[in-house]
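Raw contents of input36.csv, CSV, C-alpha atoms:
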chain,number,residue,atom,x,y,z
V,1164,MET,CA,86.3,34.5,47.1
V,1165,GLN,CA,83.3,33.1,49.1
V,1166,THR,CA,81.5,35.9,50.9
V,1167,PHE,CA,79.1,35.9,53.8
V,1168,THR,CA,76.6,38.1,55.6
V,1169,GLY,CA,77.5,39.7,59.0
V,1170,PHE,CA,75.2,37.2,60.7
V,1171,GLU,CA,76.8,34.2,59.0
V,1172,TYR,CA,80.2,35.5,60.2
V,1173,LEU,CA,78.9,35.4,63.7
V,1174,LEU,CA,77.9,31.8,63.2
V,1175,ILE,CA,81.3,31.0,61.8
V,1176,ASP,CA,82.9,32.7,64.7
V,1177,ALA,CA,81.0,30.6,67.2
V,1178,CYS,CA,82.0,27.4,65.4
V,1179,ASN,CA,85.6,28.6,65.3
V,1180,GLN,CA,85.7,29.2,69.1
V,1181,TRP,CA,84.0,25.9,69.7
V,1182,GLY,CA,86.8,24.1,67.9
V,1183,GLY,CA,85.6,23.9,64.3
V,1184,ASP,CA,88.1,26.3,62.7
V,1185,LYS,CA,89.7,23.5,60.7
V,1186,LEU,CA,86.4,22.8,58.8
V,1187,THR,CA,85.4,24.5,55.6
V,1188,PHE,CA,83.2,27.6,55.9
V,1189,ASP,CA,80.2,25.7,54.7
V,1190,LYS,CA,80.7,23.0,57.3
V,1191,ARG,CA,81.0,25.6,60.0
V,1192,LEU,CA,77.8,27.3,59.0
V,1193,GLU,CA,76.1,23.9,58.9
V,1194,TRP,CA,77.3,23.1,62.4
V,1195,ALA,CA,76.1,26.5,63.7
V,1196,ASN,CA,72.7,26.3,62.1
V,1197,VAL,CA,72.1,22.7,63.3
V,1198,ASN,CA,72.9,23.7,66.8
V,1199,LEU,CA,71.5,27.3,66.7
V,1200,SER,CA,68.8,26.6,69.3
V,1201,GLN,CA,71.2,25.0,71.8
V,1202,LEU,CA,74.5,26.9,71.4
V,1203,GLU,CA,74.5,27.8,75.1
V,1204,GLN,CA,74.4,24.1,76.1
V,1205,LEU,CA,77.6,23.4,74.1
V,1206,VAL,CA,79.8,25.8,76.1
V,1207,ALA,CA,81.2,22.9,78.2
V,1208,THR,CA,82.7,21.3,75.0
V,1209,ALA,CA,84.1,24.5,73.5
V,1210,GLU,CA,87.9,24.8,73.1
V,1211,ASN,CA,87.8,28.5,74.0
V,1212,LYS,CA,84.9,28.8,76.4
V,1213,PRO,CA,85.0,32.6,77.1
V,1214,LEU,CA,85.3,33.6,73.4
V,1215,TYR,CA,82.7,30.9,72.4
V,1216,MET,CA,80.2,32.3,74.9
V,1217,LYS,CA,80.9,35.9,73.7
V,1218,ALA,CA,80.2,34.8,70.1
V,1219,VAL,CA,76.9,33.1,71.2
V,1220,MET,CA,75.8,36.3,73.0
V,1221,ALA,CA,76.5,38.3,69.8
V,1222,ILE,CA,74.4,35.9,67.9
V,1223,ARG,CA,71.5,36.2,70.3
V,1224,LYS,CA,71.7,40.0,70.1
V,1225,ALA,CA,71.7,39.9,66.3
V,1226,GLN,CA,68.6,37.7,66.3
V,1227,LYS,CA,66.8,40.4,68.3
V,1228,GLY,CA,68.0,43.1,65.9
V,1229,LEU,CA,70.3,44.7,68.4
V,1230,PRO,CA,73.8,46.1,67.6
V,1231,THR,CA,76.5,43.8,68.9
V,1232,GLY,CA,79.9,45.6,68.4
V,1233,HIS,CA,81.3,42.1,68.2
V,1234,LEU,CA,84.6,41.7,66.5
V,1235,VAL,CA,85.2,38.5,64.4
V,1236,GLY,CA,88.8,37.3,64.2
V,1237,PHE,CA,90.3,35.2,61.4
V,1238,ASP,CA,93.9,33.8,61.5
V,1239,ALA,CA,96.4,33.4,58.7
V,1240,VAL,CA,97.1,29.7,58.0
V,1241,CYS,CA,100.7,28.9,59.2
V,1242,SER,CA,101.6,32.6,58.7
V,1243,GLY,CA,105.4,32.2,58.5
V,1244,VAL,CA,105.3,29.5,55.8
V,1245,GLN,CA,102.5,31.4,54.1
V,1246,VAL,CA,104.5,34.6,53.8
V,1247,MET,CA,107.7,32.7,52.8
V,1248,SER,CA,105.8,30.8,50.1
V,1249,ALA,CA,104.3,34.0,48.7
V,1250,LEU,CA,107.7,35.7,48.6
V,1251,THR,CA,109.3,32.7,46.8
V,1252,GLY,CA,106.4,32.1,44.4
V,1253,CYS,CA,106.0,28.6,45.8
V,1254,ILE,CA,102.7,27.0,44.7
V,1255,ALA,CA,103.2,23.9,46.9
V,1256,GLY,CA,103.7,26.0,50.1
V,1257,ALA,CA,100.9,28.4,49.1
V,1258,THR,CA,98.6,25.5,48.6
V,1259,ALA,CA,99.5,24.1,52.1
V,1260,THR,CA,98.7,27.5,53.7
V,1261,GLY,CA,95.3,28.3,52.0
V,1262,LEU,CA,96.5,30.6,49.3
V,1263,VAL,CA,95.6,28.4,46.3
V,1264,ASP,CA,92.8,25.9,46.5
V,1265,PRO,CA,89.5,27.8,47.2
V,1266,ASN,CA,87.7,24.6,48.2
V,1267,VAL,CA,90.1,23.2,50.8
V,1268,ARG,CA,90.7,24.5,54.3
V,1269,ALA,CA,94.4,23.9,54.2
V,1270,ASP,CA,96.5,22.8,57.2
V,1271,ALA,CA,100.3,22.7,56.7
V,1272,TYR,CA,100.9,20.9,60.0
V,1273,SER,CA,98.6,18.0,59.3
V,1274,LYS,CA,99.9,17.9,55.7
V,1275,THR,CA,103.4,17.5,57.0
V,1276,THR,CA,102.5,14.5,59.2
V,1277,GLU,CA,100.6,13.0,56.2
V,1278,VAL,CA,103.6,13.3,54.0
V,1279,MET,CA,105.8,11.8,56.8
V,1280,LYS,CA,103.5,8.8,57.0
V,1281,GLY,CA,104.0,8.2,53.2
V,1282,ILE,CA,107.7,8.4,53.6
V,1283,LEU,CA,107.9,6.1,56.7
V,1284,GLY,CA,105.2,3.8,55.5
V,1285,THR,CA,103.6,3.9,59.0
V,1286,ALA,CA,101.7,6.3,61.2
V,1287,VAL,CA,103.6,9.1,62.9
V,1288,GLY,CA,103.1,9.2,66.7
V,1289,VAL,CA,102.9,12.9,67.2
V,1290,THR,CA,99.9,15.2,67.8
V,1291,ARG,CA,99.0,18.1,65.5
V,1292,LYS,CA,100.3,20.5,68.2
V,1293,GLN,CA,103.7,18.8,68.3
V,1294,ALA,CA,103.8,18.8,64.5
V,1295,LYS,CA,103.0,22.6,64.6
V,1296,GLU,CA,105.8,23.2,67.1
V,1297,ALA,CA,108.3,21.3,65.0
V,1298,LEU,CA,107.4,22.8,61.7
V,1299,MET,CA,106.9,26.4,62.8
V,1300,THR,CA,110.3,26.6,64.7
V,1301,SER,CA,112.2,24.7,62.1
V,1302,PHE,CA,111.2,27.2,59.4
V,1303,TYR,CA,112.7,29.9,61.7
V,1304,GLY,CA,116.0,28.0,61.9
V,1305,SER,CA,115.6,25.9,65.1
V,1306,LYS,CA,116.8,22.4,65.2
V,1307,ALA,CA,116.2,21.8,68.9
V,1308,LYS,CA,112.5,21.5,68.8
V,1309,PRO,CA,112.3,19.0,66.0
V,1310,ILE,CA,114.9,16.9,67.8
V,1311,GLU,CA,113.0,17.1,71.0
V,1312,ILE,CA,109.8,15.9,69.3
V,1313,PHE,CA,111.2,13.3,66.8
V,1314,GLY,CA,114.5,12.3,68.5
V,1315,GLU,CA,118.1,12.8,67.3
V,1316,ASP,CA,119.2,11.0,64.2
V,1317,THR,CA,116.0,9.1,63.9
V,1318,PRO,CA,114.1,8.0,60.8
V,1319,GLU,CA,111.2,10.2,62.0
V,1320,LEU,CA,113.4,13.3,62.2
V,1321,ASN,CA,114.8,12.6,58.7
V,1322,ALA,CA,111.3,12.1,57.4
V,1323,PHE,CA,110.2,15.3,59.0
V,1324,TYR,CA,112.8,17.4,57.2
V,1325,GLU,CA,112.1,15.6,54.0
V,1326,ALA,CA,108.3,16.3,54.4
V,1327,ALA,CA,108.9,19.9,55.3
V,1328,ASN,CA,110.8,20.4,52.0
V,1329,ILE,CA,108.1,18.6,50.1
V,1330,VAL,CA,105.2,20.6,51.7
V,1331,ALA,CA,106.9,24.0,51.3
V,1332,PRO,CA,110.0,23.9,49.1
V,1333,GLY,CA,110.1,27.6,48.5
V,1334,ALA,CA,110.0,28.4,52.3
V,1335,TRP,CA,112.7,25.7,52.8
V,1336,GLU,CA,114.9,27.3,50.2
V,1337,LEU,CA,114.4,30.7,51.7
V,1338,LEU,CA,115.3,29.4,55.1
V,1339,GLN,CA,118.7,28.4,53.8
V,1340,ASP,CA,119.2,31.8,52.1
V,1341,LEU,CA,118.2,33.7,55.2
V,1342,LEU,CA,120.6,31.6,57.4
V,1343,ALA,CA,123.4,32.4,54.9
V,1344,SER,CA,122.5,36.1,55.0
V,1345,TRP,CA,124.1,36.4,58.5
V,1346,GLN,CA,126.9,38.9,58.3
V,1347,PRO,CA,129.9,37.7,60.5
V,1348,MET,CA,130.8,40.1,63.3
V,1349,ALA,CA,128.2,42.7,62.3
V,1350,LEU,CA,126.8,44.7,65.2
V,1351,VAL,CA,123.4,45.1,63.5
V,1352,HIS,CA,121.4,43.8,60.6
V,1353,ALA,CA,119.2,46.4,59.0
V,1354,TRP,CA,116.7,46.6,56.2
V,1355,LYS,CA,113.7,48.7,55.0
V,1356,LEU,CA,110.3,47.4,54.2
V,1357,PRO,CA,108.3,48.6,51.2
V,1358,ASP,CA,106.5,51.2,53.3
V,1359,GLY,CA,109.8,52.7,54.4
V,1360,PHE,CA,109.7,51.2,57.9
V,1361,ASP,CA,113.2,50.6,59.3
V,1362,ALA,CA,114.0,47.2,60.7
V,1363,ARG,CA,117.2,47.3,62.8
V,1364,VAL,CA,118.2,44.3,64.9
V,1365,LYS,CA,121.3,44.5,67.0
V,1366,VAL,CA,123.4,41.5,67.6
V,1367,MET,CA,123.3,40.9,71.3
V,1368,GLU,CA,125.5,38.4,73.1
V,1369,LYS,CA,125.0,37.2,76.7
V,1370,VAL,CA,128.0,38.2,78.8
V,1371,GLU,CA,128.8,37.1,82.4
V,1372,ALA,CA,130.7,39.3,84.9
V,1373,ARG,CA,131.9,38.4,88.3
V,1374,ILE,CA,130.9,41.1,90.8
V,1375,GLU,CA,132.7,41.5,94.1
V,1376,VAL,CA,131.1,43.6,96.9
V,1377,ASP,CA,133.6,45.1,99.3
V,1378,GLU,CA,131.0,46.2,101.8
V,1379,LEU,CA,129.7,42.6,102.1
V,1380,ASP,CA,133.1,41.1,103.1
V,1381,HIS,CA,134.1,40.7,99.5
V,1382,ALA,CA,131.1,38.4,98.7
V,1383,SER,CA,130.8,37.9,95.0
V,1384,PHE,CA,128.1,36.9,92.5
V,1385,THR,CA,127.8,36.4,88.8
V,1386,TYR,CA,125.9,39.0,86.8
V,1387,GLU,CA,124.5,38.2,83.3
V,1388,PHE,CA,123.7,40.9,80.8
V,1389,TYR,CA,123.6,41.4,77.0
V,1390,GLU,CA,126.1,43.4,75.1
V,1391,ASN,CA,125.9,44.6,71.5
V,1392,LYS,CA,128.8,42.6,70.0
V,1393,GLY,CA,129.2,40.7,66.7
V,1394,LYS,CA,129.4,37.0,66.3
V,1395,MET,CA,130.4,34.7,63.4
V,1396,LYS,CA,127.1,32.8,63.1
V,1397,GLY,CA,123.5,33.4,63.9
V,1398,LEU,CA,120.0,32.1,63.2
V,1399,SER,CA,117.9,35.2,64.0
V,1400,ASN,CA,117.8,36.7,60.5
V,1401,VAL,CA,115.2,34.1,59.5
V,1402,ALA,CA,112.6,34.9,62.1
V,1403,ASN,CA,113.3,38.6,62.1
V,1404,VAL,CA,113.0,39.1,58.3
V,1405,VAL,CA,109.9,37.0,58.0
V,1406,HIS,CA,108.3,38.7,61.1
V,1407,SER,CA,109.1,42.1,59.6
V,1408,VAL,CA,107.3,41.2,56.4
V,1409,ASP,CA,104.4,39.9,58.5
V,1410,ALA,CA,104.3,43.2,60.4
V,1411,TYR,CA,104.4,45.1,57.1
V,1412,ILE,CA,101.3,43.2,56.0
V,1413,LEU,CA,99.5,44.2,59.2
V,1414,ARG,CA,100.4,47.8,58.7
V,1415,SER,CA,99.2,47.7,55.1
V,1416,ILE,CA,95.9,46.1,56.1
V,1417,HIS,CA,95.3,49.0,58.5
V,1418,ARG,CA,96.1,51.6,55.8
V,1419,ARG,CA,93.8,50.0,53.3
V,1420,CYS,CA,90.9,49.4,55.5
V,1421,ASN,CA,90.9,52.3,58.0
V,1422,TYR,CA,91.7,55.1,55.6
V,1423,ASP,CA,90.9,58.8,55.3
V,1424,LEU,CA,88.1,58.9,52.7
V,1425,GLU,CA,88.7,62.6,51.6
V,1426,VAL,CA,92.5,62.1,51.2
V,1427,PHE,CA,92.1,59.0,49.1
V,1428,GLN,CA,89.3,60.4,46.9
V,1429,ARG,CA,91.5,63.4,46.2
V,1430,ALA,CA,94.5,61.1,45.4
V,1431,ALA,CA,92.4,59.0,43.1
V,1432,TYR,CA,91.4,62.2,41.2
V,1433,LEU,CA,95.0,63.5,41.0
V,1434,ILE,CA,96.4,60.2,39.8
V,1435,GLU,CA,93.7,59.8,37.2
V,1436,HIS,CA,94.3,63.4,36.0
V,1437,GLU,CA,98.1,62.7,35.7
V,1438,LEU,CA,97.6,59.4,33.8
V,1439,ILE,CA,95.2,61.0,31.3
V,1440,HIS,CA,97.7,63.8,30.6
V,1441,ARG,CA,100.4,61.2,30.0
V,1442,SER,CA,98.2,59.1,27.7
V,1443,LEU,CA,97.7,62.3,25.6
V,1444,GLY,CA,101.4,62.8,25.4
V,1445,THR,CA,101.7,65.7,27.8
V,1446,PRO,CA,105.2,65.7,29.4
V,1447,ALA,CA,105.3,64.8,33.1
V,1448,THR,CA,106.2,67.9,35.1
V,1449,TRP,CA,106.4,68.8,38.8
V,1450,VAL,CA,107.0,71.9,40.7
V,1451,GLU,CA,108.8,70.7,43.9
V,1452,VAL,CA,109.1,67.2,45.2
V,1453,THR,CA,109.0,66.7,49.0
V,1454,GLU,CA,111.6,64.6,50.8
V,1455,GLU,CA,108.8,62.3,51.9
V,1456,VAL,CA,107.7,61.6,48.3
V,1457,ILE,CA,111.3,61.0,47.2
V,1458,TYR,CA,111.8,58.6,50.1
V,1459,TYR,CA,108.7,56.5,49.4
V,1460,VAL,CA,109.4,56.4,45.7
V,1461,GLU,CA,112.8,54.9,46.5
V,1462,GLN,CA,111.2,52.1,48.5
V,1463,TYR,CA,108.9,51.3,45.5
V,1464,GLU,CA,111.7,51.3,43.0
V,1465,ARG,CA,113.7,48.9,45.1
V,1466,SER,CA,110.9,46.5,46.0
V,1467,GLY,CA,108.5,46.8,43.2
V,1468,MET,CA,105.7,46.9,45.8
V,1469,ALA,CA,103.4,49.9,45.6
V,1470,ASP,CA,102.2,51.1,49.0
V,1471,VAL,CA,99.5,53.7,49.8
V,1472,VAL,CA,101.7,55.0,52.6
V,1473,ILE,CA,102.8,57.6,50.1
V,1474,VAL,CA,99.3,58.9,49.4
V,1475,PRO,CA,98.9,61.5,52.2
V,1476,HIS,CA,102.1,63.1,50.9
V,1477,LEU,CA,101.1,63.4,47.3
V,1478,THR,CA,100.2,66.7,45.7
V,1479,CYS,CA,99.5,67.8,42.2
V,1480,GLY,CA,102.9,69.4,42.3
V,1481,ASP,CA,104.9,66.3,42.8
V,1482,MET,CA,102.6,63.8,41.0
V,1483,GLY,CA,104.8,63.8,37.9
V,1484,TYR,CA,107.8,62.5,39.9
V,1485,LEU,CA,106.2,59.0,40.0
V,1486,THR,CA,106.5,56.6,37.1
V,1487,THR,CA,103.4,55.6,35.1
V,1488,LYS,CA,103.8,52.1,36.4
V,1489,HIS,CA,103.9,53.3,40.0
V,1490,LEU,CA,100.8,55.5,39.5
V,1491,GLN,CA,98.9,52.7,37.8
V,1492,ALA,CA,99.6,50.4,40.7
V,1493,LEU,CA,98.5,53.0,43.3
V,1494,ALA,CA,95.4,53.7,41.2
V,1495,GLU,CA,94.4,50.0,41.2
V,1496,ILE,CA,94.9,49.7,45.0
V,1497,ILE,CA,93.0,53.0,45.7
V,1498,GLU,CA,90.1,52.0,43.4
V,1499,GLY,CA,89.7,48.8,45.4
V,1500,MET,CA,89.8,50.7,48.7
V,1501,LEU,CA,87.2,53.2,47.7
V,1502,GLN,CA,84.7,50.5,46.9
V,1503,TYR,CA,84.1,50.1,50.6
V,1504,LYS,CA,83.7,52.5,53.5
V,1505,PRO,CA,86.6,52.8,56.0
V,1506,PHE,CA,86.5,50.7,59.1
V,1507,GLN,CA,88.6,49.8,62.1
V,1508,VAL,CA,90.8,46.7,62.2
V,1509,VAL,CA,92.5,45.0,65.2
V,1510,THR,CA,95.6,43.0,64.4
V,1511,ILE,CA,97.6,40.7,66.7
V,1512,HIS,CA,100.4,39.1,64.9
V,1513,ASP,CA,98.6,36.8,62.3
V,1514,GLU,CA,95.0,37.4,63.7
V,1515,PHE,CA,92.8,40.0,62.0
V,1516,LYS,CA,89.7,41.3,63.7
V,1517,CYS,CA,86.9,43.6,62.5
V,1518,HIS,CA,83.1,44.0,62.8
V,1519,ALA,CA,81.4,41.0,61.2
V,1520,ASN,CA,79.8,43.2,58.5
V,1521,ASN,CA,83.3,44.2,57.3
V,1522,MET,CA,85.0,40.8,57.2
V,1523,ASN,CA,84.5,40.1,53.5
V,1524,TYR,CA,86.5,43.2,52.6
V,1525,LEU,CA,89.2,42.5,55.2
V,1526,ARG,CA,89.7,39.0,53.7
V,1527,MET,CA,89.8,40.5,50.2
V,1528,GLN,CA,92.5,43.0,51.2
V,1529,TYR,CA,94.6,40.4,52.9
V,1530,ARG,CA,94.4,38.2,49.8
V,1531,ASN,CA,95.4,41.2,47.6
V,1532,MET,CA,98.4,41.9,49.8
V,1533,LEU,CA,99.7,38.3,49.5
V,1534,ALA,CA,99.2,38.4,45.7
V,1535,GLU,CA,101.1,41.6,45.4
V,1536,LEU,CA,103.9,40.3,47.5
V,1537,ALA,CA,104.1,37.2,45.3
V,1538,ALA,CA,104.4,39.5,42.2
V,1539,SER,CA,106.9,41.9,43.8
V,1540,ASN,CA,110.7,42.0,44.1
V,1541,VAL,CA,110.5,42.4,47.9
V,1542,LEU,CA,112.6,39.3,48.6
V,1543,ASP,CA,115.4,40.4,46.3
V,1544,ASP,CA,115.3,43.8,48.0
V,1545,LEU,CA,115.5,42.5,51.5
V,1546,LEU,CA,118.3,40.1,50.8
V,1547,SER,CA,120.3,42.7,48.9
V,1548,GLN,CA,119.9,45.2,51.8
V,1549,ILE,CA,121.1,42.7,54.4
V,1550,THR,CA,124.0,41.2,52.5
V,1551,GLY,CA,125.1,44.2,50.5
V,1552,TYR,CA,125.0,42.2,47.3
V,1553,GLN,CA,122.6,42.7,44.5
V,1554,GLY,CA,120.9,39.5,43.3
V,1555,THR,CA,117.7,37.8,42.2
V,1556,PHE,CA,115.9,35.0,43.9
V,1557,LYS,CA,114.5,32.9,41.1
V,1558,LYS,CA,110.9,32.4,42.1
V,1559,LEU,CA,109.5,28.9,41.8
V,1560,SER,CA,106.6,30.1,39.7
V,1561,THR,CA,105.3,33.3,38.1
V,1562,THR,CA,101.6,32.2,38.2
V,1563,LEU,CA,101.1,32.3,42.0
V,1564,PRO,CA,99.8,35.9,42.2
V,1565,GLU,CA,96.8,35.0,40.0
V,1566,LEU,CA,96.2,31.8,42.0
V,1567,ILE,CA,96.2,33.7,45.2
V,1568,LYS,CA,93.5,36.1,43.9
V,1569,GLY,CA,91.2,33.1,43.7
V,1570,SER,CA,91.9,31.9,47.2
V,1571,ASN,CA,89.3,31.4,49.9
V,1572,TYR,CA,91.1,30.4,53.0
V,1573,ALA,CA,94.2,32.7,53.3
V,1574,LEU,CA,92.5,33.9,56.4
V,1575,CYS,CA,90.1,31.6,58.2
Could you rewrite the structure in this file as structure tokens?
Amino acid sequence: MQTFTGFEYLLIDACNQWGGDKLTFDKRLEWANVNLSQLEQLVATAENKPLYMKAVMAIRKAQKGLPTGHLVGFDAVCSGVQVMSALTGCIAGATATGLVDPNVRADAYSKTTEVMKGILGTAVGVTRKQAKEALMTSFYGSKAKPIEIFGEDTPELNAFYEAANIVAPGAWELLQDLLASWQPMALVHAWKLPDGFDARVKVMEKVEARIEVDELDHASFTYEFYENKGKMKGLSNVANVVHSVDAYILRSIHRRCNYDLEVFQRAAYLIEHELIHRSLGTPATWVEVTEEVIYYVEQYERSGMADVVIVPHLTCGDMGYLTTKHLQALAEIIEGMLQYKPFQVVTIHDEFKCHANNMNYLRMQYRNMLAELAASNVLDDLLSQITGYQGTFKKLSTTLPELIKGSNYALC
């Protein structure tokens, strides 16, 4: 992964806010260095004027050797498709969302219109913003927005759907599976994420009632409200499941970056001690296992995704309850965490902010999370919980986790 100094991240941030966030990092730095002496004069042409000026002010402070407290923010590339591609092991979708090629600043929306052009044999008359609206909503099950943009039963609409399947076939397949996961007449769809977080989404239907007011000479009006009642079909499982995984990634980034140093140093020692004993043939033993540890181990055994949420609950007494594979996965994560001091992170959906000096490490942890998701059984776990049927989603590839570890633009 390409790394930068704190000052270089300030320069990149200024270029991002000016409107250069689709450029490679090298090009953004080049733009900022060429314009370094006149950044203030470019505010009129900036896409986000307040944030651009804030970034420029931070640069000027840094040049004087003053602390800035400035937070640099990077976004995930087409986060919904990115997460869906990681879960399904889809190299094509991962490439289109910055998870594979380290030398290309990917853009799934522009890629879609490019593929559409090849299918139609002519230019597509839509802006990138329109392509984004169509692609983002369609991968959450919407058909209205693509029709609004490309027209109903048009060659452009057909080309759009064909292009979406070409750009991100894994996400497209997962879209169909999540649509099919709807449980007819269920009052709620529920599932647990690998960190034990409960997602419970009630099925709410809009109901109309006619209200008559005796005191107003029997005047009446229609009152609309939502009632928890089942229905035969629904689209919301798609967005809700993907967003729940997205939120899980955010929680995990917070845990891995803003951690308690003493707690994790102690956990690293206990885990290493336990693994050494096992390697010497000492039987695993434990005194008493807490309900919290049992609960979090259950999440790991279902999903295959180790999570440090369990760490504050671990003691030497219940360490033996975890499998060697689980301990080894935790040890690897904790070792990576302890290589860098704890720091605060601000997350807003798919945007991740931290002090410029810490951004290299935040980007690395995000990349690690996506690689671990790609290697896990999280998707099988989620679909099984929602539908009540055990099954296996056949991933499109098994090599994606290693490719993600070499990525450069997962966040940019």
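Closest approach to V:Asp1358 among V:Gln1507, V:Thr1208, V:Gln1462, V:Asn1421 is made by V:Gln1462 (distances from all atoms listed in the file).
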Of the candidates V:Val1452, V:Val1330, V:Val1405, V:Met1395, which one gets nearest to V:Val1541 if we count only C-alpha atoms?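 Of the candidates, the smallest distance to V:Val1541 is held by V:Val1405.
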Atom pair atom CA of V:Ala1326 / atom CA of V:Glu1311: separation (Å):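 Taking atom CA of V:Ala1326 as the start and atom CA of V:Glu1311 as the end point, the length is 17.3 Å.
Here the question is which of V:Gly1483, V:Gly1467, V:Pro1564, V:Pro1318 gets nearest to V:Asp1543 using all atoms listed in the file, and that residue is V:Gly1467.
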Could you please determine the separation between atom CA of V:Lys1365 and atom CA of V:Ala1410 in Å, to one decimal place?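 Atom-to-atom, atom CA of V:Lys1365 and atom CA of V:Ala1410 are spaced 18.3 Å apart.
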So which residues touch V:Met1532 within 9 Å, counting only C-alpha atoms, skipping near sequence neighbours fewer than 4 positions away, as a ChimeraX atom specification? /V:1412,1415-1416,1527-1528,1536-1537
Proximity to V:Lys1568 - best of V:Leu1262, V:Leu1338, V:Ala1382, V:Val1408, all atoms listed in the file: V:Leu1262
Got a sec: who's within 12 Å of V:Leu1533, counting all atoms listed in the file, leaving out chain neighbours fewer than 4 positions off, as a JSON list (two decimals) with C-alpha atoms, keeping the file's coordinate frame?
[["chain", "number", "residue", "atom", "x", "y", "z"],
["V", 1239, "ALA", "CA", 96.40, 33.40, 58.70],
["V", 1242, "SER", "CA", 101.60, 32.60, 58.70],
["V", 1245, "GLN", "CA", 102.50, 31.40, 54.10],
["V", 1246, "VAL", "CA", 104.50, 34.60, 53.80],
["V", 1247, "MET", "CA", 107.70, 32.70, 52.80],
["V", 1248, "SER", "CA", 105.80, 30.80, 50.10],
["V", 1249, "ALA", "CA", 104.30, 34.00, 48.70],
["V", 1250, "LEU", "CA", 107.70, 35.70, 48.60],
["V", 1251, "THR", "CA", 109.30, 32.70, 46.80],
["V", 1252, "GLY", "CA", 106.40, 32.10, 44.40],
["V", 1257, "ALA", "CA", 100.90, 28.40, 49.10],
["V", 1260, "THR", "CA", 98.70, 27.50, 53.70],
["V", 1261, "GLY", "CA", 95.30, 28.30, 52.00],
["V", 1262, "LEU", "CA", 96.50, 30.60, 49.30],
["V", 1263, "VAL", "CA", 95.60, 28.40, 46.30],
["V", 1408, "VAL", "CA", 107.30, 41.20, 56.40],
["V", 1409, "ASP", "CA", 104.40, 39.90, 58.50],
["V", 1411, "TYR", "CA", 104.40, 45.10, 57.10],
["V", 1412, "ILE", "CA", 101.30, 43.20, 56.00],
["V", 1413, "LEU", "CA", 99.50, 44.20, 59.20],
["V", 1415, "SER", "CA", 99.20, 47.70, 55.10],
["V", 1416, "ILE", "CA", 95.90, 46.10, 56.10],
["V", 1468, "MET", "CA", 105.70, 46.90, 45.80],
["V", 1526, "ARG", "CA", 89.70, 39.00, 53.70],
["V", 1527, "MET", "CA", 89.80, 40.50, 50.20],
["V", 1528, "GLN", "CA", 92.50, 43.00, 51.20],
["V", 1529, "TYR", "CA", 94.60, 40.40, 52.90],
["V", 1537, "ALA", "CA", 104.10, 37.20, 45.30],
["V", 1538, "ALA", "CA", 104.40, 39.50, 42.20],
["V", 1539, "SER", "CA", 106.90, 41.90, 43.80],
["V", 1541, "VAL", "CA", 110.50, 42.40, 47.90],
["V", 1563, "LEU", "CA", 101.10, 32.30, 42.00],
["V", 1564, "PRO", "CA", 99.80, 35.90, 42.20],
["V", 1565, "GLU", "CA", 96.80, 35.00, 40.00],
["V", 1566, "LEU", "CA", 96.20, 31.80, 42.00],
["V", 1567, "ILE", "CA", 96.20, 33.70, 45.20],
["V", 1568, "LYS", "CA", 93.50, 36.10, 43.90],
["V", 1569, "GLY", "CA", 91.20, 33.10, 43.70],
["V", 1570, "SER", "CA", 91.90, 31.90, 47.20],
["V", 1573, "ALA", "CA", 94.20, 32.70, 53.30],
["V", 1574, "LEU", "CA", 92.50, 33.90, 56.40]]
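Here the question is which of V:Asn1531, V:Ser1560, V:Asn1523, V:Thr1555 gets nearest to V:Tyr1172 using only C-alpha atoms, and that residue is V:Asn1523.
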